[in-house]
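**Q** After the structure tokens below, expect a handful of questions from me.
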Amino acid sequence: MPIRPARTPSAAGLRTSSVSRCIAVGAAPDRIGGTASALSGSYDLVLVGGVPGAGKTTAIARATDDLAHVGAIDPEHVTWWLRSRLPAGVPYRAYRWVVHLSHTVRVLAHLLNGPVAGRLLVVHDPGTRAGRRRLFLGLAHLAGWRPVLLYVDVDRPAARAGQLRRGRVVRSFDEHWRNWQRIRPALTATPHPVVRADAATEPVVLTDRAEAANVLRRICLAA
């Protein structure tokens, strides 16, 4: 199974001057370097989060598809791979669990293998479930990764519309939304808020759907 899908919308023409809100999670005030430094940091792992339908898959494809030094792991890769091999007409709900399990295993395997010099890994994950987020970040630190979290912020109707466009409505969306509403206030309270989350310190970038691909590409090009 490939680490990225076949070429989708071209990344040509994406702007690299996008400005997003940036915070340092769990950091002391003097650790916050501002938007420019957060987008140009020395990262080798980007966790792209946001509620289902926020536009994570589209942003990842647009931002990374033509970058040879970037690998992307997205559950849609598993979906596309399975769909091409299953009989026509098999509903997604019949193999949803396979998609989720396979994606999680792929992410864990790549994290445990550790970073590769000169390469950057982009991982699609909602980031709304604290236990899963702690697991991924904990393993990333143990394996020597330098992570940054990129959250795509959308309102509830836009997220629902995004799910309808792809033809799948997530059954657990309400849970994701409630979790996101608990996380989001700390990310938007001030231009440079300081919040405590878990034991690790992570830079966080918050962007909207329109700028998500541009912001992600800027992070990738700075790697």
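By order of appearance in the structure tokens: chains A, B, ..., then residues from 1 within every chain, and ligands from 1 in the order shown.
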Pick out each residue of segment 95-124 of chain A that DSSP on the backbone tags as strand (DSSP E); I need them as an NGL selection string.

**A** :A and (120-124)

**Q** Save out the residues we just selected, N, CA and C atoms, as a PDB file, in the first residue's frame.

**A**
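Wrote it out as out37.pdb, contents follow:
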```pdb
ATOM      1  N   LEU A 120      10.310  14.311   5.764  1.00  0.00           N
ATOM      2  CA  LEU A 120       9.273  14.775   6.679  1.00  0.00           C
ATOM      3  C   LEU A 120       8.044  13.904   6.504  1.00  0.00           C
ATOM      4  N   LEU A 121       7.387  13.586   7.607  1.00  0.00           N
ATOM      5  CA  LEU A 121       6.193  12.748   7.579  1.00  0.00           C
ATOM      6  C   LEU A 121       4.984  13.576   7.997  1.00  0.00           C
ATOM      7  N   VAL A 122       3.928  13.515   7.185  1.00  0.00           N
ATOM      8  CA  VAL A 122       2.670  14.197   7.479  1.00  0.00           C
ATOM      9  C   VAL A 122       1.625  13.131   7.790  1.00  0.00           C
ATOM     10  N   VAL A 123       0.975  13.258   8.940  1.00  0.00           N
ATOM     11  CA  VAL A 123       0.012  12.258   9.397  1.00  0.00           C
ATOM     12  C   VAL A 123      -1.361  12.895   9.570  1.00  0.00           C
ATOM     13  N   HIS A 124      -2.367  12.292   8.969  1.00  0.00           N
ATOM     14  CA  HIS A 124      -3.764  12.700   9.115  1.00  0.00           C
ATOM     15  C   HIS A 124      -4.324  12.049  10.368  1.00  0.00           C
TER      16      HIS A 124
END
```

**Q** Give me, as a PyMOL selection string, all polymer residues having an atom no more than 12 Å from Arg96 of chain A, counting only C-alpha atoms and skipping those fewer than 6 positions away in the same chain.

**A** chain A and resi 75-76+78-80+82-83+90+102-103+168-171

**Q** For the selection just defined, write its residues with C-alpha atoms to a file, as a PDB file, in the first residue's frame.

**A**
```pdb
ATOM      1  CA  PRO A  75      -6.829   6.898   6.039  1.00  0.00           C
ATOM      2  CA  GLU A  76      -8.146   7.776   2.592  1.00  0.00           C
ATOM      3  CA  VAL A  78      -6.392   2.758   2.777  1.00  0.00           C
ATOM      4  CA  THR A  79      -9.939   3.467   1.593  1.00  0.00           C
ATOM      5  CA  TRP A  80      -8.818   3.964  -2.003  1.00  0.00           C
ATOM      6  CA  LEU A  82      -9.449  -1.337  -0.544  1.00  0.00           C
ATOM      7  CA  ARG A  83     -12.072   0.120  -2.862  1.00  0.00           C
ATOM      8  CA  VAL A  90     -19.481  -2.877  -1.230  1.00  0.00           C
ATOM      9  CA  SER A 102      -4.945  -0.222   9.131  1.00  0.00           C
ATOM     10  CA  HIS A 103      -4.393   3.523   9.333  1.00  0.00           C
ATOM     11  CA  ARG A 168     -19.624   9.715   4.065  1.00  0.00           C
ATOM     12  CA  VAL A 169     -21.013  11.093   7.317  1.00  0.00           C
ATOM     13  CA  VAL A 170     -18.989  10.078  10.371  1.00  0.00           C
ATOM     14  CA  ARG A 171     -21.175   8.416  12.998  1.00  0.00           C
TER      15      ARG A 171
END
```

**Q** Need to verify the contact set: Ala117 of chain A, 12 Å, only C-alpha atoms, exclusion of same-chain residues closer than 3 positions in sequence. Can you return it as a ChimeraX atom specification?

**A** /A:42-45,69-70,114,120-121,144-146,223

**Q** For Val107 of chain A, which residue out of A:Asp65, A:Leu47, A:Ala94, A:Thr58 is the nearest one, using only C-alpha atoms?

**A** A:Leu47

**Q** For Leu67 of chain A, please output as a list in words all residues within 9 Å (counting only C-alpha atoms; exclusion window: fewer than 3 positions along the same chain).

**A** Ala11, Ala63, Thr64, Val70, Gly71, Cys220 and Leu221 of chain A

**Q** For each of A:Trp177, A:Leu137, A:Thr188, A:Arg132, take the minimum atom-to-atom distance to Arg160 of chain A, counting only C-alpha atoms, then give the residue where this is smallest.

**A**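 The shortest atom-to-atom distance to Arg160 of chain A comes from A:Trp177.
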